$ cat final-v4.txt   # compact mmCIF, C-alpha atoms and all ligand atoms
# COMPACT_ATOMS: atom_id res chain seq x y z
CA MET A 1 18.96 -12.69 -4.56
CA PRO A 2 22.15 -13.51 -2.66
CA GLU A 3 22.17 -12.41 0.98
CA SER A 4 24.81 -9.74 0.31
CA VAL A 5 22.69 -7.77 -2.19
CA ILE A 6 21.17 -4.60 -0.74
CA ASP A 7 17.71 -4.48 -2.28
CA LEU A 8 15.95 -1.12 -1.86
CA ARG A 9 13.64 -1.51 -4.87
CA SER A 10 10.57 -2.11 -2.70
CA ASP A 11 9.43 -3.41 0.67
CA THR A 12 7.78 -6.31 -1.20
CA VAL A 13 11.19 -8.01 -1.41
CA THR A 14 11.31 -8.98 2.28
CA ARG A 15 11.62 -12.70 2.96
CA PRO A 16 9.59 -14.41 5.70
CA THR A 17 11.23 -14.48 9.14
CA ALA A 18 12.28 -17.72 10.82
CA GLU A 19 9.24 -17.39 13.10
CA MET A 20 6.94 -17.05 10.07
CA ARG A 21 8.47 -20.11 8.42
CA ARG A 22 7.98 -22.15 11.59
CA ALA A 23 4.37 -21.01 11.90
CA MET A 24 3.76 -21.90 8.25
CA PHE A 25 5.22 -25.36 8.82
CA GLU A 26 2.99 -25.95 11.82
CA ALA A 27 -0.18 -24.24 10.57
CA GLU A 28 -3.51 -25.96 11.09
CA VAL A 29 -5.34 -25.88 7.76
CA GLY A 30 -8.66 -26.66 6.09
CA ASP A 31 -10.47 -25.68 2.91
CA ASP A 32 -10.90 -21.92 3.00
CA VAL A 33 -13.48 -21.85 0.18
CA TYR A 34 -15.71 -23.72 2.68
CA GLN A 35 -14.44 -21.21 5.30
CA GLU A 36 -12.98 -24.19 7.18
CA ASP A 37 -9.38 -23.09 7.43
CA PRO A 38 -8.90 -22.25 11.12
CA THR A 39 -5.74 -20.22 10.50
CA VAL A 40 -7.34 -18.08 7.79
CA ASN A 41 -10.38 -17.62 10.02
CA ALA A 42 -8.11 -16.51 12.88
CA LEU A 43 -6.26 -14.08 10.60
CA GLU A 44 -9.50 -12.58 9.28
CA ALA A 45 -10.87 -12.16 12.81
CA ARG A 46 -7.65 -10.62 14.09
CA ALA A 47 -7.30 -8.27 11.10
CA ALA A 48 -10.87 -7.05 11.57
CA GLU A 49 -10.05 -6.31 15.20
CA VAL A 50 -6.75 -4.52 14.47
CA LEU A 51 -8.29 -2.48 11.65
CA GLY A 52 -11.38 -1.73 13.75
CA LYS A 53 -13.87 -3.17 11.26
CA GLU A 54 -16.69 -5.71 11.51
CA ALA A 55 -15.09 -8.24 9.18
CA ALA A 56 -12.02 -8.86 7.03
CA LEU A 57 -11.13 -10.96 4.00
CA PHE A 58 -7.75 -12.54 3.22
CA VAL A 59 -6.84 -11.85 -0.41
CA PRO A 60 -3.76 -12.92 -2.38
CA THR A 61 -2.76 -9.38 -3.37
CA GLY A 62 -3.39 -5.73 -2.64
CA THR A 63 -4.58 -5.27 -6.20
CA MET A 64 -7.30 -7.86 -5.64
CA GLY A 65 -8.28 -6.19 -2.34
CA ASN A 66 -8.64 -2.80 -4.02
CA THR A 67 -10.48 -4.33 -6.99
CA ILE A 68 -13.02 -6.03 -4.72
CA ALA A 69 -13.51 -2.91 -2.60
CA ILE A 70 -14.18 -0.66 -5.59
CA LYS A 71 -16.57 -3.26 -7.03
CA CYS A 72 -18.51 -3.45 -3.75
CA LEU A 73 -18.74 0.32 -3.30
CA THR A 74 -19.79 1.30 -6.83
CA ARG A 75 -22.26 0.52 -9.59
CA PRO A 76 -21.23 0.21 -13.27
CA GLY A 77 -21.05 3.59 -14.98
CA GLN A 78 -20.06 5.60 -11.92
CA GLU A 79 -16.85 7.52 -11.25
CA VAL A 80 -14.18 6.87 -8.64
CA ILE A 81 -12.17 9.82 -7.34
CA CYS A 82 -8.47 9.06 -6.92
CA GLU A 83 -5.25 11.06 -6.62
CA ALA A 84 -3.41 11.38 -9.95
CA ARG A 85 -0.33 9.36 -8.93
CA GLY A 86 -2.44 6.76 -7.11
CA HIS A 87 -1.69 3.06 -7.33
CA LEU A 88 -5.32 2.33 -8.24
CA LEU A 89 -5.08 4.49 -11.35
CA ASN A 90 -1.52 3.78 -12.46
CA TYR A 91 -0.45 0.31 -11.38
CA GLU A 92 -3.49 -1.96 -11.28
CA LEU A 93 -4.01 -2.62 -15.00
CA SER A 94 -7.16 -0.47 -15.10
CA MET A 95 -9.11 -2.97 -13.01
CA THR A 96 -11.53 -0.21 -12.01
CA ALA A 97 -12.56 -0.02 -15.68
CA TRP A 98 -12.34 -3.72 -16.41
CA PHE A 99 -14.03 -5.21 -13.36
CA SER A 100 -16.16 -2.41 -11.92
CA ASN A 101 -16.95 -0.61 -15.21
CA CYS A 102 -16.22 2.73 -13.57
CA LEU A 103 -14.09 5.64 -14.71
CA ILE A 104 -11.43 7.15 -12.47
CA ARG A 105 -11.56 10.91 -12.03
CA SER A 106 -8.06 11.87 -10.93
CA ILE A 107 -6.95 14.92 -8.95
CA HIS A 108 -3.36 16.21 -9.02
CA THR A 109 -1.79 17.10 -5.69
CA PRO A 110 1.82 18.00 -4.83
CA ASP A 111 2.01 15.50 -1.96
CA GLY A 112 -0.46 12.77 -2.84
CA ILE A 113 -2.86 13.92 -0.15
CA LEU A 114 -6.44 14.66 -1.24
CA THR A 115 -8.48 17.09 0.84
CA TRP A 116 -12.23 17.65 0.96
CA PRO A 117 -12.08 21.02 -0.90
CA LEU A 118 -10.13 19.35 -3.75
CA ILE A 119 -12.54 16.41 -3.86
CA GLU A 120 -15.72 18.46 -3.57
CA LYS A 121 -15.02 20.28 -6.84
CA GLU A 122 -14.86 16.94 -8.68
CA ILE A 123 -17.97 15.30 -7.24
CA ARG A 124 -20.63 14.94 -9.88
CA PRO A 125 -24.31 14.37 -9.42
CA LEU A 126 -25.96 12.13 -12.01
CA GLY A 127 -27.38 14.22 -14.84
CA PRO A 128 -27.87 14.31 -18.57
CA HIS A 129 -24.13 14.79 -19.15
CA ALA A 130 -22.34 13.44 -16.09
CA ALA A 131 -21.97 10.12 -14.34
CA ASP A 132 -22.23 10.29 -10.56
CA THR A 133 -19.39 9.70 -8.12
CA GLY A 134 -19.59 6.18 -6.67
CA CYS A 135 -16.68 6.31 -4.27
CA ILE A 136 -13.57 8.16 -3.19
CA GLU A 137 -10.27 6.34 -2.87
CA ILE A 138 -7.44 7.62 -0.68
CA GLU A 139 -3.94 6.12 -0.56
CA ASN A 140 -2.31 6.11 2.88
CA THR A 141 0.67 6.15 2.85
CA HIS A 142 0.94 7.54 -0.67
CA ASN A 143 3.52 5.47 -2.50
CA MET A 144 4.61 7.65 -5.43
CA ALA A 145 4.43 10.91 -3.48
CA GLY A 146 7.14 9.52 -1.18
CA GLY A 147 5.31 7.64 1.56
CA THR A 148 3.32 10.67 2.65
CA VAL A 149 0.77 10.32 5.45
CA TYR A 150 -2.78 11.66 5.60
CA PRO A 151 -3.39 13.91 8.61
CA LEU A 152 -6.16 12.29 10.66
CA GLU A 153 -8.44 15.33 10.47
CA VAL A 154 -8.20 15.30 6.66
CA ILE A 155 -9.35 11.66 6.51
CA ASP A 156 -12.16 12.28 8.97
CA GLU A 157 -13.36 15.35 7.08
CA ILE A 158 -13.33 13.52 3.73
CA CYS A 159 -15.33 10.65 5.25
CA ASP A 160 -17.83 12.89 7.08
CA ARG A 161 -18.57 15.00 4.03
CA ALA A 162 -18.57 12.09 1.58
CA HIS A 163 -20.95 10.10 3.76
CA GLY A 164 -23.17 13.17 4.06
CA ARG A 165 -23.52 12.97 0.29
CA GLY A 166 -24.02 9.22 0.19
CA ILE A 167 -20.54 8.49 -1.18
CA ALA A 168 -18.35 5.72 0.22
CA VAL A 169 -14.62 6.02 0.97
CA HIS A 170 -12.05 3.27 0.40
CA MET A 171 -8.56 3.51 1.82
CA ASP A 172 -5.74 1.89 -0.13
CA GLY A 173 -3.76 1.25 3.02
CA ALA A 174 -1.13 -0.99 1.45
CA ARG A 175 1.18 0.68 4.01
CA VAL A 176 -1.35 1.88 6.56
CA PHE A 177 0.75 0.43 9.39
CA ASN A 178 3.56 2.75 8.35
CA ALA A 179 1.05 5.61 8.43
CA ALA A 180 -0.06 4.60 11.93
CA VAL A 181 3.50 4.46 13.25
CA ALA A 182 4.32 7.85 11.69
CA ALA A 183 1.20 9.41 13.18
CA SER A 184 1.59 7.62 16.56
CA LEU A 185 -2.00 6.41 16.31
CA PRO A 186 -3.58 2.98 16.38
CA VAL A 187 -4.29 1.79 12.86
CA SER A 188 -7.95 1.31 13.85
CA ARG A 189 -8.21 5.06 14.55
CA ILE A 190 -6.68 5.98 11.18
CA CYS A 191 -9.28 3.97 9.28
CA ALA A 192 -12.15 4.43 11.74
CA GLN A 193 -14.28 6.49 9.35
CA VAL A 194 -13.49 4.87 5.99
CA ASP A 195 -15.95 2.27 4.72
CA THR A 196 -13.30 -0.21 3.62
CA VAL A 197 -9.54 -0.47 3.99
CA MET A 198 -7.03 -2.71 2.24
CA CYS A 199 -3.66 -3.35 3.87
CA CYS A 200 -0.75 -5.44 2.61
CA LEU A 201 0.87 -8.10 4.78
CA SER A 202 3.44 -8.73 2.06
CA LYS A 203 5.13 -5.32 2.13
CA ALA A 204 6.56 -3.64 5.21
CA LEU A 205 5.10 -6.35 7.46
CA GLY A 206 7.26 -9.01 5.81
CA ALA A 207 4.76 -11.79 5.05
CA PRO A 208 5.51 -13.75 1.86
CA VAL A 209 2.00 -13.34 0.40
CA GLY A 210 -1.29 -11.66 1.15
CA SER A 211 -3.35 -8.60 1.89
CA MET A 212 -6.47 -7.92 3.97
CA LEU A 213 -9.65 -6.12 2.98
CA ALA A 214 -11.69 -4.96 5.98
CA GLY A 215 -15.09 -3.31 6.28
CA PRO A 216 -18.73 -3.91 7.20
CA LYS A 217 -19.75 -7.59 7.29
CA SER A 218 -22.24 -7.16 4.43
CA VAL A 219 -19.50 -5.75 2.19
CA ILE A 220 -16.99 -8.43 3.14
CA ASP A 221 -19.56 -11.21 2.53
CA GLN A 222 -20.18 -9.81 -0.94
CA GLY A 223 -16.42 -9.34 -1.39
CA ARG A 224 -15.86 -13.05 -0.70
CA LEU A 225 -17.92 -13.88 -3.81
CA TYR A 226 -15.97 -11.40 -5.93
CA ARG A 227 -12.73 -12.92 -4.62
CA LYS A 228 -13.90 -16.32 -5.91
CA ARG A 229 -14.85 -14.82 -9.27
CA LEU A 230 -11.39 -13.27 -9.58
CA GLY A 231 -9.75 -16.63 -8.93
CA GLY A 232 -8.77 -15.80 -5.37
CA GLY A 233 -10.63 -18.64 -3.63
CA MET A 234 -7.65 -20.43 -2.11
CA ARG A 235 -7.88 -23.79 -0.38
CA GLN A 236 -5.41 -24.66 2.44
CA ALA A 237 -4.43 -21.00 2.62
CA GLY A 238 -3.70 -21.29 6.33
CA ILE A 239 -0.09 -21.96 5.31
CA LEU A 240 0.01 -18.34 4.16
CA ALA A 241 -2.27 -16.93 6.83
CA ALA A 242 0.06 -18.30 9.53
CA ALA A 243 2.78 -15.96 8.31
CA GLY A 244 0.21 -13.19 7.96
CA LEU A 245 -0.76 -13.48 11.63
CA ILE A 246 2.84 -12.96 12.70
CA ALA A 247 3.17 -10.07 10.26
CA LEU A 248 0.14 -8.45 11.85
CA GLU A 249 1.19 -9.01 15.49
CA ARG A 250 4.93 -8.54 15.51
CA MET A 251 6.03 -6.47 12.58
CA PRO A 252 4.28 -3.11 13.14
CA LEU A 253 6.36 -2.69 16.31
CA ARG A 254 9.58 -2.36 14.34
CA LEU A 255 8.51 -0.08 11.47
CA GLN A 256 10.03 2.95 13.22
CA GLU A 257 13.40 1.44 12.35
CA ASP A 258 12.57 1.52 8.62
CA HIS A 259 11.43 5.12 8.95
CA ALA A 260 14.67 6.10 10.70
CA ASN A 261 16.64 4.36 7.94
CA ALA A 262 14.63 6.22 5.27
CA LYS A 263 15.52 9.54 6.93
CA LEU A 264 19.18 8.48 6.99
CA VAL A 265 19.01 7.58 3.27
CA ALA A 266 17.27 10.88 2.44
CA SER A 267 19.82 13.04 4.24
CA GLY A 268 22.69 11.03 2.75
CA LEU A 269 21.24 11.43 -0.75
CA ALA A 270 20.69 15.16 -0.28
CA ALA A 271 24.44 15.50 0.40
CA ILE A 272 25.34 13.97 -3.00
CA PRO A 273 25.83 16.69 -5.66
CA GLY A 274 23.09 16.59 -8.31
CA ILE A 275 20.56 14.71 -6.17
CA ARG A 276 17.43 16.35 -4.81
CA VAL A 277 15.15 14.49 -2.40
CA GLU A 278 11.42 15.20 -2.55
CA PRO A 279 9.97 15.45 0.10
CA GLU A 280 13.26 16.28 1.85
CA THR A 281 12.32 14.36 4.98
CA PRO A 282 10.40 11.17 4.32
CA ALA A 283 7.57 10.55 6.79
CA THR A 284 7.74 6.78 6.41
CA ASN A 285 9.85 4.25 4.47
CA ILE A 286 9.84 5.61 0.90
CA VAL A 287 12.46 8.01 -0.47
CA ILE A 288 11.84 9.61 -3.86
CA PHE A 289 14.76 11.50 -5.40
CA ASP A 290 15.48 13.47 -8.54
CA ILE A 291 18.77 12.74 -10.29
CA SER A 292 18.43 15.02 -13.34
CA ALA A 293 21.31 17.30 -12.23
CA THR A 294 23.74 14.35 -12.08
CA GLY A 295 23.85 14.19 -15.88
CA LYS A 296 22.99 10.48 -15.70
CA SER A 297 19.70 8.67 -16.29
CA SER A 298 18.06 6.56 -13.64
CA GLN A 299 18.65 3.52 -15.84
CA GLU A 300 22.40 4.21 -15.95
CA ILE A 301 22.50 4.75 -12.19
CA SER A 302 20.48 1.57 -11.54
CA ALA A 303 22.82 -0.49 -13.72
CA ALA A 304 25.97 0.93 -12.09
CA LEU A 305 24.52 0.34 -8.61
CA LYS A 306 23.59 -3.23 -9.50
CA ALA A 307 27.21 -3.91 -10.44
CA ARG A 308 28.05 -2.84 -6.86
CA GLY A 309 25.42 -5.09 -5.28
CA VAL A 310 22.82 -2.38 -4.66
CA LEU A 311 19.34 -2.44 -6.21
CA ILE A 312 17.41 0.82 -6.60
CA ASN A 313 15.00 1.39 -9.50
CA GLY A 314 13.96 4.50 -11.38
CA ILE A 315 10.31 5.43 -11.60
CA ASN A 316 11.06 7.51 -14.70
CA PRO A 317 14.29 8.64 -16.45
CA THR A 318 14.99 11.38 -13.88
CA THR A 319 13.40 10.11 -10.66
CA MET A 320 14.29 7.13 -8.49
CA ARG A 321 12.71 5.46 -5.46
CA ALA A 322 14.39 3.74 -2.51
CA VAL A 323 12.24 1.82 -0.03
CA THR A 324 13.58 0.75 3.37
CA HIS A 325 12.42 -2.48 5.01
CA TYR A 326 13.16 -5.35 7.38
CA ASP A 327 15.78 -6.99 5.17
CA VAL A 328 18.08 -3.93 4.94
CA ASP A 329 19.56 -2.57 8.16
CA ARG A 330 21.25 0.76 8.88
CA ARG A 331 24.64 -0.57 7.74
CA GLY A 332 23.09 -1.69 4.47
CA CYS A 333 21.62 1.79 3.93
CA GLU A 334 25.04 3.36 4.58
CA THR A 335 26.65 0.99 2.08
CA ALA A 336 23.98 1.83 -0.51
CA LEU A 337 24.60 5.56 0.00
CA ALA A 338 28.36 5.13 -0.44
CA ALA A 339 27.74 3.20 -3.67
CA LEU A 340 25.42 5.90 -4.97
CA ALA A 341 27.92 8.67 -4.20
CA GLU A 342 30.55 6.70 -6.12
CA VAL A 343 28.28 6.06 -9.10
CA VAL A 344 27.21 9.69 -9.37
CA ALA A 345 30.81 10.95 -9.10
CA ALA A 346 32.14 8.48 -11.71
C1 LIG B 401 1.73 -2.53 -3.61
C2 LIG B 401 0.57 -1.66 -3.57
C3 LIG B 401 -0.71 -2.14 -3.87
C4 LIG B 401 -1.02 -3.53 -4.41
O1 LIG B 401 -0.30 -4.55 -3.98
P1 LIG B 401 -0.03 -5.93 -4.77
O2 LIG B 401 -0.05 -6.89 -3.64
O3 LIG B 401 1.31 -5.77 -5.40
O4 LIG B 401 -1.12 -6.16 -5.73
C5 LIG B 401 -1.76 -1.27 -3.75
N1 LIG B 401 -1.57 -0.01 -3.36
C6 LIG B 401 -0.37 0.49 -3.06
C7 LIG B 401 -0.25 1.90 -2.61
C8 LIG B 401 0.76 -0.31 -3.16
O5 LIG B 401 1.95 0.20 -2.90
$ encode --input "final-v4.txt" --output "structure tokens" --more "lines below"
Ligand SMILES: *Cc1c(COP(=O)(O)O)cnc(C)c1O
Amino acid sequence: MPESVIDLRSDTVTRPTAEMRRAMFEAEVGDDVYQEDPTVNALEARAAEVLGKEAALFVPTGTMGNTIAIKCLTRPGQEVICEARGHLLNYELSMTAWFSNCLIRSIHTPDGILTWPLIEKEIRPLGPHAADTGCIEIENTHNMAGGTVYPLEVIDEICDRAHGRGIAVHMDGARVFNAAVAASLPVSRICAQVDTVMCCLSKALGAPVGSMLAGPKSVIDQGRLYRKRLGGGMRQAGILAAAGLIALERMPLRLQEDHANAKLVASGLAAIPGIRVEPETPATNIVIFDISATGKSSQEISAALKARGVLINGINPTTMRAVTHYDVDRRGCETALAALAEVVAA
């Protein structure tokens, strides 16, 4: 993409910073399948510390991190509880079925946030007709619900009660650093009670590639074998981990800026006739908006925006999603809003 394009399709589109590129150039490397890459080892140790877990594993993608976590926390034939719009259920090519041989039991919520009372009704003990619940998956922040954030007490209650019934909890924390900034809490506190957490370095944190899966050492050791099976045993991966270390150290500090820009985008959108933003005030960096009253489809709006150098995608014919990130500043957001107002009025 040329520099001038304003790309709000996702926070995955960020390019590595100059500091990341320098660190990649200078990275000390070894063969990570032998666990001899010092930069990967440093990243895994630091991620475990930041996430407050015993150990962490560097994986190429968030999807692989979630896939490994679900595999480690379940047995074939069990169920996994997940929110209905969850990434695990909708955007990971049914890996829960394919790799873990488990079925997802989904729960609809208005805001993407599961609570213990909602979950409890769907927990099944093993019996002549039902498969038992192997694990519960919570997505924080929740992508398709508009970057919503789990209240801490809701996470802790889910974990307490689930553990009381011998059920593990995995957090899909692709954007858990955004959740931490929004809640003004250390990320280690947010995931203190979950068994495993996956977080993406390649989204809001700006690294070119990579995610972390963190949890108890026994789970991460087992996860390392599943990573190899899935084709994720990388060799001189320190080149990538070097950027990941900077993502982890430096980038969380600036996420507030993305959240402020998302609020600016949301209020600007709400002022355009025919557009309704839901939730009205985004908690983090994702803005979901309904365009059905504009008389145009999201595809038409996307195409007209693209012609004006602005990229925003629809998630269905009447709903669109804008994601703020490091590569689009406040000015860029204002320009995108002006383009949208023009396109809708045309
Ligand atoms: C992006 C994303 C993932 C997976 O990330 P990939 O690296 O694209 O595989 C998982 N969960 C959520 C909520 C995401 O937004």
$ residues_near_ligand --input "final-v4.txt" --ligand "ligand LIG 401 (chain B)" --cutoff "6 Å" --atoms "only C-alpha atoms and all ligand atoms" --output "count of residues only"
8
$ closest_residue --input "final-v4.txt" --among "A:Lys53, A:Arg161, A:Arg9, A:Arg276" --to "A:Ala192" --atoms "all atoms listed in the file"
A:Lys53
$ residues_around --input "final-v4.txt" --residues "stretch 105-111 of chain A" --least-positions-apart "3" --cutoff "10 Å" --atoms "all atoms listed in the file" --output "JSON, numbers by chain"
{"A": [79, 80, 81, 82, 83, 84, 85, 86, 89, 102, 114, 115, 118, 119, 121, 122, 123, 133, 136, 142, 144, 145, 146, 147, 148, 149, 150, 278, 279]}
$ closest_residue --input "final-v4.txt" --among "A:Ala260, A:Ala214, A:Ile138, A:Ile68" --to "A:Gly112" --atoms "only C-alpha atoms"
A:Ile138
$ residues_around --input "final-v4.txt" --residues "stretch 322-326 of chain A" --least-positions-apart "5" --cutoff "7 Å" --atoms "all atoms listed in the file" --output "list in words"
Leu8, Arg9, Ser10, Asp11, Thr14, Ala204, Asp258, Asn261, Ala262, Asn285, Ile286, Val287, Ile288 and Ile312 of chain A
$ residues_around --input "final-v4.txt" --residues "stretch 69-73 of chain A" --least-positions-apart "4" --cutoff "10 Å" --atoms "all atoms listed in the file" --output "NGL selection string"
:A and (63-65 or 80 or 88 or 95-96 or 99-102 or 134-137 or 167-172 or 195-198 or 213-215 or 218-220 or 222-223 or 226)
$ closest_residue --input "final-v4.txt" --among "A:Pro186, A:Pro117, A:Gly210, A:Gly77" --to "A:Ala131" --atoms "all atoms listed in the file"
A:Gly77
$ residues_near_point --input "final-v4.txt" --point "(25.7, 3.5, 5.6)" --cutoff "12 Å" --atoms "all atoms listed in the file" --output "MDAnalysis selection string"
chainID A and resid 6 261:269 328:341
